[in-house]
Amino acid sequence: LERVGVDWTRAVSLATDGAPSMIGKKAGSKISELLREFEWRFQVFGELETEFAVFRSPFAVKAADLPVDIQLEIIDLQCDQDLKDKFASSDLGTFYRPKDWYATIYDPVFKTYSLGDLQFNIGLMNDDFSGPAESTRFPLGSIIPIMASVVQETHQPLLLLLEECVAATTPELYPESTMYPIITNKGPKDWYATIYDPVFKTYSLGDLQFNIGLMNDDFSGPAESTRFPLGSIIPIMASVVQETHQPLLLLLEECVAATTPELYPESTMYPIITNKGCLLESVSSRSKFEPRQKSSEIRLSLQTFTFAMGEEVFIHCKLLAWDPNGLDSTKKACHFVEGHGWELLDNLAQSNLCDCCESKCKSRRQRSVASEKHGMVQKAVIGPFTITDVYS
């Protein structure tokens, strides 16, 4: 009322006989105008009411009233008695909060990371290491106390080491980043710091460690550049470390190129490997699987394509570690060889397993699910890299 120039002390509600209040026509008009503007500015909330209702009362909505792409998820959710009980006994914030969530991730001087059943912590500390630093400003020549720890509830005692540390002016490290070495580790002769290299990624899944990356021409190390001229070859290598497993065969079950590090329903994608291991790109280009050096490693020579030329490109793959003796039409690595047709990388005599690459390679659902339960399947992303015009 004050905003529209009305003395609120004189404003009264409608009398019981229906007489208008003392607010007057001018104030009433102003208020009506404010209400219309409010409704106009926030009309999108009315349009999104159905979506809001899903999150506000997920157990009360009707699946049939929701978009088709989330109906099954809502049905599964509503059938989960544990989640029903949790929803009934907690507020929305607690219900949607991840199981292992904690607020330290928002602390600028202390970070927490989870890896499997381990929890790593690292942070800036006060002078006697009794608590987090009270400031993030340090005079030249002063000491910056840093402490790291690992929580290992289900493990035997572990020794925590700082293997490599560098200072940089960016939260992510890039090839062009200016870095100041603090702790270095040159490592074995063929070692390279995969965790910091933007063209090489490492993923842990149970007791398996999957690696995938862009390589140099002879696959002896990571790529020295992330720019590839149109028509050139992009060497890609994936591997799985399997210390406690019987020997495993690594396969690239599916790979697509996209312009985003995450895949969304609206993402524009370019298929590379489809149909449970068929290298589709080999049909119309020089792309091919290279001969294996060992079963736990697979090498792909991918010829560059015109998709998203000049833009950042990411390759999204599904890696599958499998029994070397269990190859079938859904567990294979096939490429097209001109004049010969589809060939199986690991055994030319069994190339008939690739016949379905021209149609549909049906999945054996029970075995596929079993493999996931045993931690054999890992989604991975490499990039970004850029495909450039040969004349640019």
# chains A, B, ... in the order shown; residues from 1 in each chain; ligands from 1

call {"tool": "residues_around", "arguments": {"residues": "segment 85-87 of chain A", "least_positions_apart": "4", "cutoff": "12 Å", "atoms": "only C-alpha atoms", "output": "VMD selection string"}}
result
chain A and resid 55 to 60 77 to 81 91 to 97 99

call {"tool": "write_last_selection", "arguments": {"atoms": "all heavy atoms", "output": "compact mmCIF listing (two decimals), in the first residue's frame"}}
result
# COMPACT_ATOMS: atom_id res chain seq x y z
N PHE A 55 7.90 -33.32 -8.20
CA PHE A 55 8.92 -33.23 -7.16
C PHE A 55 8.32 -32.92 -5.79
O PHE A 55 8.85 -33.36 -4.77
CB PHE A 55 9.96 -32.15 -7.54
CG PHE A 55 10.76 -32.50 -8.75
CD1 PHE A 55 10.41 -32.02 -10.00
CD2 PHE A 55 11.85 -33.35 -8.64
CE1 PHE A 55 11.15 -32.36 -11.12
CE2 PHE A 55 12.60 -33.69 -9.76
CZ PHE A 55 12.24 -33.20 -11.00
N ARG A 56 7.22 -32.18 -5.79
CA ARG A 56 6.61 -31.83 -4.51
C ARG A 56 5.90 -33.01 -3.88
O ARG A 56 5.96 -33.22 -2.67
CB ARG A 56 5.62 -30.67 -4.74
CG ARG A 56 5.05 -30.09 -3.45
CD ARG A 56 4.27 -28.81 -3.72
NE ARG A 56 3.16 -29.03 -4.64
CZ ARG A 56 3.08 -28.49 -5.84
NH1 ARG A 56 4.04 -27.68 -6.29
NH2 ARG A 56 2.04 -28.73 -6.64
N SER A 57 5.22 -33.82 -4.68
CA SER A 57 4.47 -34.98 -4.17
C SER A 57 4.62 -36.15 -5.14
O SER A 57 3.66 -36.53 -5.83
CB SER A 57 2.98 -34.62 -4.00
OG SER A 57 2.80 -33.50 -3.17
N PRO A 58 5.82 -36.74 -5.22
CA PRO A 58 6.06 -37.80 -6.22
C PRO A 58 5.20 -39.03 -6.02
O PRO A 58 4.99 -39.79 -6.96
CB PRO A 58 7.54 -38.11 -6.04
CG PRO A 58 7.87 -37.68 -4.64
CD PRO A 58 7.00 -36.49 -4.39
N PHE A 59 4.69 -39.25 -4.82
CA PHE A 59 3.90 -40.45 -4.55
C PHE A 59 2.40 -40.21 -4.73
O PHE A 59 1.60 -41.13 -4.62
CB PHE A 59 4.18 -40.98 -3.14
CG PHE A 59 5.59 -41.45 -2.96
CD1 PHE A 59 6.55 -40.61 -2.42
CD2 PHE A 59 5.96 -42.72 -3.35
CE1 PHE A 59 7.86 -41.03 -2.27
CE2 PHE A 59 7.27 -43.16 -3.21
CZ PHE A 59 8.22 -42.31 -2.67
N ALA A 60 2.04 -38.95 -5.01
CA ALA A 60 0.62 -38.63 -5.18
C ALA A 60 0.23 -38.41 -6.63
O ALA A 60 -0.95 -38.52 -6.99
CB ALA A 60 0.28 -37.37 -4.36
N LEU A 77 9.45 -45.57 -8.62
CA LEU A 77 9.59 -44.80 -7.38
C LEU A 77 8.42 -45.07 -6.43
O LEU A 77 8.60 -45.31 -5.24
CB LEU A 77 9.68 -43.31 -7.71
CG LEU A 77 9.73 -42.34 -6.52
CD1 LEU A 77 11.06 -42.45 -5.81
CD2 LEU A 77 9.51 -40.90 -7.00
N GLN A 78 7.21 -45.05 -6.98
CA GLN A 78 6.02 -45.21 -6.15
C GLN A 78 5.88 -46.62 -5.59
O GLN A 78 5.14 -46.84 -4.63
CB GLN A 78 4.77 -44.82 -6.95
CG GLN A 78 4.72 -43.33 -7.30
CD GLN A 78 3.52 -42.96 -8.14
OE1 GLN A 78 2.86 -43.83 -8.71
NE2 GLN A 78 3.24 -41.66 -8.24
N CYS A 79 6.58 -47.58 -6.18
CA CYS A 79 6.54 -48.96 -5.69
C CYS A 79 7.62 -49.25 -4.66
O CYS A 79 7.67 -50.36 -4.12
CB CYS A 79 6.68 -49.94 -6.86
SG CYS A 79 5.26 -49.95 -7.98
N ASP A 80 8.48 -48.29 -4.40
CA ASP A 80 9.59 -48.49 -3.45
C ASP A 80 9.14 -48.07 -2.06
O ASP A 80 9.03 -46.88 -1.75
CB ASP A 80 10.79 -47.67 -3.91
CG ASP A 80 12.06 -48.03 -3.14
OD1 ASP A 80 11.97 -48.20 -1.91
OD2 ASP A 80 13.13 -48.14 -3.78
N GLN A 81 8.89 -49.06 -1.19
CA GLN A 81 8.36 -48.77 0.15
C GLN A 81 9.36 -48.00 1.00
O GLN A 81 8.98 -47.14 1.79
CB GLN A 81 7.98 -50.08 0.86
CG GLN A 81 7.24 -49.87 2.17
CD GLN A 81 5.95 -49.07 2.01
OE1 GLN A 81 5.15 -49.35 1.13
NE2 GLN A 81 5.75 -48.06 2.86
N ASP A 91 11.64 -33.89 5.26
CA ASP A 91 11.25 -32.80 4.38
C ASP A 91 11.81 -33.04 2.99
O ASP A 91 12.60 -33.97 2.77
CB ASP A 91 11.72 -31.46 4.94
CG ASP A 91 13.22 -31.43 5.17
OD1 ASP A 91 13.97 -31.96 4.32
OD2 ASP A 91 13.66 -30.86 6.19
N LEU A 92 11.40 -32.19 2.02
CA LEU A 92 11.82 -32.40 0.64
C LEU A 92 13.33 -32.31 0.47
O LEU A 92 13.92 -33.08 -0.29
CB LEU A 92 11.15 -31.36 -0.28
CG LEU A 92 9.65 -31.56 -0.55
CD1 LEU A 92 9.13 -30.43 -1.42
CD2 LEU A 92 9.39 -32.90 -1.21
N GLY A 93 13.98 -31.39 1.16
CA GLY A 93 15.42 -31.23 1.05
C GLY A 93 16.16 -32.49 1.46
O GLY A 93 17.10 -32.93 0.81
N THR A 94 15.71 -33.08 2.58
CA THR A 94 16.35 -34.31 3.07
C THR A 94 16.04 -35.48 2.14
O THR A 94 16.91 -36.31 1.87
CB THR A 94 15.84 -34.63 4.49
OG1 THR A 94 16.13 -33.52 5.34
CG2 THR A 94 16.51 -35.88 5.03
N PHE A 95 14.83 -35.54 1.62
CA PHE A 95 14.44 -36.66 0.76
C PHE A 95 15.27 -36.70 -0.52
O PHE A 95 15.71 -37.76 -0.95
CB PHE A 95 12.96 -36.55 0.41
CG PHE A 95 12.47 -37.64 -0.52
CD1 PHE A 95 12.31 -38.94 -0.07
CD2 PHE A 95 12.20 -37.35 -1.85
CE1 PHE A 95 11.87 -39.94 -0.92
CE2 PHE A 95 11.76 -38.35 -2.72
CZ PHE A 95 11.60 -39.65 -2.24
N TYR A 96 15.50 -35.55 -1.13
CA TYR A 96 16.22 -35.51 -2.40
C TYR A 96 17.73 -35.42 -2.24
O TYR A 96 18.46 -35.48 -3.20
CB TYR A 96 15.73 -34.34 -3.25
CG TYR A 96 14.36 -34.58 -3.84
CD1 TYR A 96 13.26 -33.84 -3.43
CD2 TYR A 96 14.16 -35.57 -4.79
CE1 TYR A 96 12.00 -34.07 -3.96
CE2 TYR A 96 12.90 -35.80 -5.33
CZ TYR A 96 11.83 -35.04 -4.91
OH TYR A 96 10.58 -35.27 -5.44
N ARG A 97 18.19 -35.26 -1.01
CA ARG A 97 19.63 -35.16 -0.79
C ARG A 97 20.29 -36.51 -1.01
O ARG A 97 19.81 -37.53 -0.51
CB ARG A 97 19.89 -34.68 0.64
CG ARG A 97 21.37 -34.47 0.96
CD ARG A 97 21.50 -33.95 2.39
NE ARG A 97 20.83 -32.67 2.53
CZ ARG A 97 20.52 -32.13 3.70
NH1 ARG A 97 20.80 -32.76 4.82
NH2 ARG A 97 19.91 -30.97 3.74
N LYS A 99 22.58 -39.81 -0.65
CA LYS A 99 22.83 -40.56 0.57
C LYS A 99 24.08 -40.10 1.30
O LYS A 99 24.11 -39.96 2.51
CB LYS A 99 22.93 -42.06 0.24
CG LYS A 99 23.15 -42.94 1.45
CD LYS A 99 23.21 -44.40 1.03
CE LYS A 99 23.45 -45.30 2.25
NZ LYS A 99 23.55 -46.72 1.86

call {"tool": "residues_around", "arguments": {"residues": "Val337 of chain A", "least_positions_apart": "4", "cutoff": "12 Å", "atoms": "only C-alpha atoms", "output": "number ranges by chain"}}
result
A: 279-289, 341-345, 348, 351, 354

call {"tool": "write_last_selection", "arguments": {"atoms": "N, CA, C and O atoms", "output": "PDB file, in the first residue's frame"}}
result
ATOM      1  N   LEU A 279      31.738 -51.049 -35.823  1.00  0.00           N
ATOM      2  CA  LEU A 279      32.345 -49.761 -36.138  1.00  0.00           C
ATOM      3  C   LEU A 279      31.714 -49.217 -37.417  1.00  0.00           C
ATOM      4  O   LEU A 279      32.193 -49.445 -38.530  1.00  0.00           O
ATOM      5  N   LEU A 280      30.637 -48.486 -37.251  1.00  0.00           N
ATOM      6  CA  LEU A 280      29.875 -47.963 -38.375  1.00  0.00           C
ATOM      7  C   LEU A 280      30.719 -47.050 -39.257  1.00  0.00           C
ATOM      8  O   LEU A 280      30.584 -47.048 -40.481  1.00  0.00           O
ATOM      9  N   GLU A 281      31.614 -46.281 -38.646  1.00  0.00           N
ATOM     10  CA  GLU A 281      32.437 -45.345 -39.403  1.00  0.00           C
ATOM     11  C   GLU A 281      33.362 -46.042 -40.397  1.00  0.00           C
ATOM     12  O   GLU A 281      33.827 -45.429 -41.365  1.00  0.00           O
ATOM     13  N   SER A 282      33.662 -47.335 -40.191  1.00  0.00           N
ATOM     14  CA  SER A 282      34.584 -48.044 -41.085  1.00  0.00           C
ATOM     15  C   SER A 282      33.963 -48.311 -42.455  1.00  0.00           C
ATOM     16  O   SER A 282      34.684 -48.609 -43.414  1.00  0.00           O
ATOM     17  N   VAL A 283      32.641 -48.219 -42.566  1.00  0.00           N
ATOM     18  CA  VAL A 283      31.970 -48.485 -43.840  1.00  0.00           C
ATOM     19  C   VAL A 283      32.292 -47.402 -44.866  1.00  0.00           C
ATOM     20  O   VAL A 283      32.453 -47.682 -46.058  1.00  0.00           O
ATOM     21  N   SER A 284      32.416 -46.158 -44.421  1.00  0.00           N
ATOM     22  CA  SER A 284      32.579 -45.043 -45.353  1.00  0.00           C
ATOM     23  C   SER A 284      33.880 -44.267 -45.152  1.00  0.00           C
ATOM     24  O   SER A 284      34.030 -43.166 -45.665  1.00  0.00           O
ATOM     25  N   SER A 285      34.817 -44.824 -44.375  1.00  0.00           N
ATOM     26  CA  SER A 285      36.067 -44.108 -44.122  1.00  0.00           C
ATOM     27  C   SER A 285      37.196 -45.103 -43.864  1.00  0.00           C
ATOM     28  O   SER A 285      37.008 -46.317 -43.967  1.00  0.00           O
ATOM     29  N   ARG A 286      38.363 -44.576 -43.496  1.00  0.00           N
ATOM     30  CA  ARG A 286      39.515 -45.422 -43.195  1.00  0.00           C
ATOM     31  C   ARG A 286      39.557 -45.851 -41.731  1.00  0.00           C
ATOM     32  O   ARG A 286      40.553 -46.380 -41.257  1.00  0.00           O
ATOM     33  N   SER A 287      38.482 -45.615 -41.010  1.00  0.00           N
ATOM     34  CA  SER A 287      38.430 -45.989 -39.592  1.00  0.00           C
ATOM     35  C   SER A 287      38.512 -47.503 -39.441  1.00  0.00           C
ATOM     36  O   SER A 287      37.936 -48.249 -40.235  1.00  0.00           O
ATOM     37  N   LYS A 288      39.219 -47.964 -38.402  1.00  0.00           N
ATOM     38  CA  LYS A 288      39.366 -49.406 -38.163  1.00  0.00           C
ATOM     39  C   LYS A 288      39.871 -49.663 -36.754  1.00  0.00           C
ATOM     40  O   LYS A 288      40.434 -48.779 -36.103  1.00  0.00           O
ATOM     41  N   PHE A 289      39.640 -50.890 -36.274  1.00  0.00           N
ATOM     42  CA  PHE A 289      40.261 -51.346 -35.047  1.00  0.00           C
ATOM     43  C   PHE A 289      41.667 -51.823 -35.385  1.00  0.00           C
ATOM     44  O   PHE A 289      41.867 -52.527 -36.386  1.00  0.00           O
ATOM     45  N   GLY A 341      34.189 -57.235 -46.447  1.00  0.00           N
ATOM     46  CA  GLY A 341      32.983 -57.102 -45.627  1.00  0.00           C
ATOM     47  C   GLY A 341      33.329 -56.948 -44.154  1.00  0.00           C
ATOM     48  O   GLY A 341      34.447 -56.559 -43.788  1.00  0.00           O
ATOM     49  N   TRP A 342      32.385 -57.289 -43.300  1.00  0.00           N
ATOM     50  CA  TRP A 342      32.575 -57.145 -41.852  1.00  0.00           C
ATOM     51  C   TRP A 342      33.495 -58.242 -41.325  1.00  0.00           C
ATOM     52  O   TRP A 342      33.326 -59.411 -41.631  1.00  0.00           O
ATOM     53  N   GLU A 343      34.493 -57.838 -40.517  1.00  0.00           N
ATOM     54  CA  GLU A 343      35.433 -58.799 -39.939  1.00  0.00           C
ATOM     55  C   GLU A 343      35.497 -58.632 -38.426  1.00  0.00           C
ATOM     56  O   GLU A 343      35.416 -57.508 -37.911  1.00  0.00           O
ATOM     57  N   LEU A 344      35.659 -59.749 -37.737  1.00  0.00           N
ATOM     58  CA  LEU A 344      35.793 -59.744 -36.277  1.00  0.00           C
ATOM     59  C   LEU A 344      37.248 -59.481 -35.922  1.00  0.00           C
ATOM     60  O   LEU A 344      38.161 -60.171 -36.424  1.00  0.00           O
ATOM     61  N   LEU A 345      37.507 -58.498 -35.097  1.00  0.00           N
ATOM     62  CA  LEU A 345      38.867 -58.131 -34.727  1.00  0.00           C
ATOM     63  C   LEU A 345      39.633 -59.295 -34.116  1.00  0.00           C
ATOM     64  O   LEU A 345      40.786 -59.528 -34.450  1.00  0.00           O
ATOM     65  N   LEU A 348      39.197 -63.886 -37.112  1.00  0.00           N
ATOM     66  CA  LEU A 348      38.592 -63.774 -38.440  1.00  0.00           C
ATOM     67  C   LEU A 348      37.680 -64.951 -38.746  1.00  0.00           C
ATOM     68  O   LEU A 348      36.677 -64.811 -39.458  1.00  0.00           O
ATOM     69  N   SER A 351      34.016 -64.332 -37.986  1.00  0.00           N
ATOM     70  CA  SER A 351      33.466 -63.073 -38.493  1.00  0.00           C
ATOM     71  C   SER A 351      31.969 -63.132 -38.751  1.00  0.00           C
ATOM     72  O   SER A 351      31.329 -62.091 -38.957  1.00  0.00           O
ATOM     73  N   CYS A 354      29.652 -60.910 -36.962  1.00  0.00           N
ATOM     74  CA  CYS A 354      29.463 -59.533 -37.405  1.00  0.00           C
ATOM     75  C   CYS A 354      28.339 -59.398 -38.434  1.00  0.00           C
ATOM     76  O   CYS A 354      28.038 -58.281 -38.877  1.00  0.00           O
TER      77      CYS A 354
END

call {"tool": "select_by_dssp", "arguments": {"residues": "segment 226-358 of chain A", "states": "helix (DSSP H, G or I)", "output": "list in words"}}
result
Leu280, Glu281, Ser282, Val283, Leu348, Ala349, Gln350, Ser351, Asn352, Leu353, Cys354, Asp355, Cys356, Cys357 and Glu358 of chain A

call {"tool": "write_last_selection", "arguments": {"atoms": "all heavy atoms", "output": "compact mmCIF listing (two decimals), in the first residue's frame"}}
result
# COMPACT_ATOMS: atom_id res chain seq x y z
N LEU A 280 30.64 -48.49 -37.25
CA LEU A 280 29.88 -47.96 -38.38
C LEU A 280 30.72 -47.05 -39.26
O LEU A 280 30.58 -47.05 -40.48
CB LEU A 280 28.64 -47.21 -37.85
CG LEU A 280 27.65 -46.67 -38.87
CD1 LEU A 280 27.02 -47.82 -39.65
CD2 LEU A 280 26.57 -45.85 -38.17
N GLU A 281 31.61 -46.28 -38.65
CA GLU A 281 32.44 -45.35 -39.40
C GLU A 281 33.36 -46.04 -40.40
O GLU A 281 33.83 -45.43 -41.36
CB GLU A 281 33.28 -44.50 -38.44
CG GLU A 281 32.68 -43.19 -38.04
CD GLU A 281 32.46 -42.26 -39.23
OE1 GLU A 281 33.42 -41.66 -39.71
OE2 GLU A 281 31.31 -42.14 -39.68
N SER A 282 33.66 -47.33 -40.19
CA SER A 282 34.58 -48.04 -41.09
C SER A 282 33.96 -48.31 -42.46
O SER A 282 34.68 -48.61 -43.41
CB SER A 282 35.03 -49.37 -40.44
OG SER A 282 33.92 -50.24 -40.25
N VAL A 283 32.64 -48.22 -42.57
CA VAL A 283 31.97 -48.49 -43.84
C VAL A 283 32.29 -47.40 -44.87
O VAL A 283 32.45 -47.68 -46.06
CB VAL A 283 30.44 -48.60 -43.64
CG1 VAL A 283 29.73 -48.75 -44.97
CG2 VAL A 283 30.11 -49.76 -42.72
N LEU A 348 39.20 -63.89 -37.11
CA LEU A 348 38.59 -63.77 -38.44
C LEU A 348 37.68 -64.95 -38.75
O LEU A 348 36.68 -64.81 -39.46
CB LEU A 348 39.70 -63.69 -39.50
CG LEU A 348 40.44 -62.36 -39.62
CD1 LEU A 348 41.54 -62.47 -40.67
CD2 LEU A 348 39.47 -61.24 -39.97
N ALA A 349 38.00 -66.13 -38.18
CA ALA A 349 37.20 -67.32 -38.45
C ALA A 349 35.80 -67.20 -37.89
O ALA A 349 34.89 -67.92 -38.30
CB ALA A 349 37.89 -68.56 -37.89
N GLN A 350 35.61 -66.30 -36.94
CA GLN A 350 34.28 -66.11 -36.35
C GLN A 350 33.61 -64.82 -36.83
O GLN A 350 32.72 -64.29 -36.17
CB GLN A 350 34.39 -66.07 -34.81
CG GLN A 350 34.71 -67.41 -34.17
CD GLN A 350 34.65 -67.32 -32.65
OE1 GLN A 350 35.53 -66.76 -32.01
NE2 GLN A 350 33.57 -67.85 -32.09
N SER A 351 34.02 -64.33 -37.99
CA SER A 351 33.47 -63.07 -38.49
C SER A 351 31.97 -63.13 -38.75
O SER A 351 31.33 -62.09 -38.96
CB SER A 351 34.20 -62.65 -39.77
OG SER A 351 35.55 -62.27 -39.47
N ASN A 352 31.40 -64.34 -38.75
CA ASN A 352 29.95 -64.44 -38.90
C ASN A 352 29.21 -63.76 -37.74
O ASN A 352 28.03 -63.43 -37.85
CB ASN A 352 29.52 -65.92 -39.00
CG ASN A 352 29.86 -66.70 -37.74
OD1 ASN A 352 31.02 -66.74 -37.32
ND2 ASN A 352 28.86 -67.31 -37.13
N LEU A 353 29.91 -63.55 -36.62
CA LEU A 353 29.30 -62.82 -35.51
C LEU A 353 28.99 -61.38 -35.89
O LEU A 353 28.20 -60.71 -35.23
CB LEU A 353 30.22 -62.85 -34.28
CG LEU A 353 30.51 -64.21 -33.64
CD1 LEU A 353 31.44 -64.05 -32.45
CD2 LEU A 353 29.21 -64.88 -33.20
N CYS A 354 29.65 -60.91 -36.96
CA CYS A 354 29.46 -59.53 -37.41
C CYS A 354 28.34 -59.40 -38.43
O CYS A 354 28.04 -58.28 -38.88
CB CYS A 354 30.76 -58.98 -38.00
SG CYS A 354 32.18 -59.05 -36.89
N ASP A 355 27.74 -60.51 -38.86
CA ASP A 355 26.70 -60.46 -39.90
C ASP A 355 25.55 -59.53 -39.51
O ASP A 355 24.94 -58.90 -40.37
CB ASP A 355 26.17 -61.86 -40.20
CG ASP A 355 27.20 -62.73 -40.90
OD1 ASP A 355 28.22 -62.17 -41.36
OD2 ASP A 355 27.00 -63.96 -40.97
N CYS A 356 25.27 -59.47 -38.22
CA CYS A 356 24.12 -58.66 -37.77
C CYS A 356 24.41 -57.16 -37.84
O CYS A 356 23.52 -56.34 -37.59
CB CYS A 356 23.72 -59.06 -36.36
SG CYS A 356 25.01 -58.77 -35.12
N CYS A 357 25.66 -56.76 -38.14
CA CYS A 357 25.98 -55.33 -38.21
C CYS A 357 25.16 -54.63 -39.29
O CYS A 357 25.00 -53.40 -39.26
CB CYS A 357 27.48 -55.14 -38.47
SG CYS A 357 28.53 -55.49 -37.05
N GLU A 358 24.64 -55.37 -40.26
CA GLU A 358 23.82 -54.79 -41.31
C GLU A 358 22.34 -54.76 -40.92
O GLU A 358 21.51 -54.25 -41.66
CB GLU A 358 23.97 -55.59 -42.61
CG GLU A 358 25.37 -55.57 -43.19
CD GLU A 358 25.76 -54.21 -43.74
OE1 GLU A 358 24.86 -53.36 -43.90
OE2 GLU A 358 26.96 -53.98 -43.98

call {"tool": "select_by_dssp", "arguments": {"residues": "segment 118-315 of chain A", "states": "strand (DSSP E or B)", "output": "PyMOL selection string"}}
result
chain A and resi 118-125+132+146-151+165-168+179-183+200-205+208-215+222+227-229+233-241+249-258+269-274+278-279+288-290+297-303+312-315

call {"tool": "residues_around", "arguments": {"residues": "Ile236 of chain A", "least_positions_apart": "5", "cutoff": "10 Å", "atoms": "only C-alpha atoms", "output": "PDB file with N, CA and C atoms, in the first residue's frame"}}
result
ATOM      1  N   VAL A 199      43.011 -35.154 -22.417  1.00  0.00           N
ATOM      2  CA  VAL A 199      42.704 -36.096 -23.494  1.00  0.00           C
ATOM      3  C   VAL A 199      42.738 -37.541 -23.008  1.00  0.00           C
ATOM      4  N   PHE A 200      42.930 -37.749 -21.721  1.00  0.00           N
ATOM      5  CA  PHE A 200      42.963 -39.109 -21.195  1.00  0.00           C
ATOM      6  C   PHE A 200      42.145 -39.156 -19.914  1.00  0.00           C
ATOM      7  N   ILE A 212      40.609 -44.428 -21.005  1.00  0.00           N
ATOM      8  CA  ILE A 212      40.341 -44.178 -22.419  1.00  0.00           C
ATOM      9  C   ILE A 212      40.926 -42.823 -22.765  1.00  0.00           C
ATOM     10  N   GLY A 213      41.513 -42.714 -23.963  1.00  0.00           N
ATOM     11  CA  GLY A 213      42.112 -41.441 -24.292  1.00  0.00           C
ATOM     12  C   GLY A 213      42.512 -41.302 -25.745  1.00  0.00           C
ATOM     13  N   LEU A 214      42.835 -40.068 -26.102  1.00  0.00           N
ATOM     14  CA  LEU A 214      43.369 -39.753 -27.422  1.00  0.00           C
ATOM     15  C   LEU A 214      44.875 -39.964 -27.378  1.00  0.00           C
ATOM     16  N   MET A 215      45.419 -40.665 -28.370  1.00  0.00           N
ATOM     17  CA  MET A 215      46.823 -41.047 -28.339  1.00  0.00           C
ATOM     18  C   MET A 215      47.605 -40.396 -29.475  1.00  0.00           C
ATOM     19  N   ASN A 216      48.946 -40.511 -29.396  1.00  0.00           N
ATOM     20  CA  ASN A 216      49.759 -40.060 -30.516  1.00  0.00           C
ATOM     21  C   ASN A 216      49.719 -41.108 -31.628  1.00  0.00           C
ATOM     22  N   ASP A 217      50.415 -40.842 -32.727  1.00  0.00           N
ATOM     23  CA  ASP A 217      50.263 -41.666 -33.926  1.00  0.00           C
ATOM     24  C   ASP A 217      50.590 -43.138 -33.721  1.00  0.00           C
ATOM     25  N   PHE A 219      50.513 -44.755 -30.752  1.00  0.00           N
ATOM     26  CA  PHE A 219      49.869 -45.237 -29.521  1.00  0.00           C
ATOM     27  C   PHE A 219      50.855 -45.405 -28.358  1.00  0.00           C
ATOM     28  N   PRO A 222      49.989 -40.158 -24.785  1.00  0.00           N
ATOM     29  CA  PRO A 222      48.809 -39.341 -25.062  1.00  0.00           C
ATOM     30  C   PRO A 222      49.040 -38.378 -26.218  1.00  0.00           C
ATOM     31  N   ALA A 223      47.965 -37.968 -26.864  1.00  0.00           N
ATOM     32  CA  ALA A 223      48.039 -37.022 -27.973  1.00  0.00           C
ATOM     33  C   ALA A 223      48.685 -35.721 -27.522  1.00  0.00           C
ATOM     34  N   PHE A 289      39.640 -50.890 -36.274  1.00  0.00           N
ATOM     35  CA  PHE A 289      40.261 -51.346 -35.047  1.00  0.00           C
ATOM     36  C   PHE A 289      41.667 -51.823 -35.385  1.00  0.00           C
ATOM     37  N   GLU A 290      42.635 -51.460 -34.560  1.00  0.00           N
ATOM     38  CA  GLU A 290      44.003 -51.921 -34.764  1.00  0.00           C
ATOM     39  C   GLU A 290      44.204 -53.276 -34.086  1.00  0.00           C
ATOM     40  N   ILE A 298      42.134 -52.031 -26.206  1.00  0.00           N
ATOM     41  CA  ILE A 298      41.614 -51.959 -27.565  1.00  0.00           C
ATOM     42  C   ILE A 298      42.005 -50.623 -28.179  1.00  0.00           C
ATOM     43  N   ARG A 299      42.444 -50.673 -29.447  1.00  0.00           N
ATOM     44  CA  ARG A 299      42.912 -49.474 -30.136  1.00  0.00           C
ATOM     45  C   ARG A 299      42.031 -49.210 -31.354  1.00  0.00           C
ATOM     46  N   LEU A 300      41.671 -47.946 -31.518  1.00  0.00           N
ATOM     47  CA  LEU A 300      40.804 -47.540 -32.620  1.00  0.00           C
ATOM     48  C   LEU A 300      41.456 -46.405 -33.392  1.00  0.00           C
ATOM     49  N   SER A 301      41.586 -46.565 -34.693  1.00  0.00           N
ATOM     50  CA  SER A 301      42.022 -45.473 -35.565  1.00  0.00           C
ATOM     51  C   SER A 301      40.766 -44.897 -36.208  1.00  0.00           C
ATOM     52  N   LEU A 302      40.405 -43.696 -35.790  1.00  0.00           N
ATOM     53  CA  LEU A 302      39.161 -43.068 -36.228  1.00  0.00           C
ATOM     54  C   LEU A 302      39.474 -41.913 -37.169  1.00  0.00           C
ATOM     55  N   ILE A 382      35.661 -38.864 -23.661  1.00  0.00           N
ATOM     56  CA  ILE A 382      36.951 -38.250 -23.955  1.00  0.00           C
ATOM     57  C   ILE A 382      36.714 -36.958 -24.717  1.00  0.00           C
TER      58      ILE A 382
END
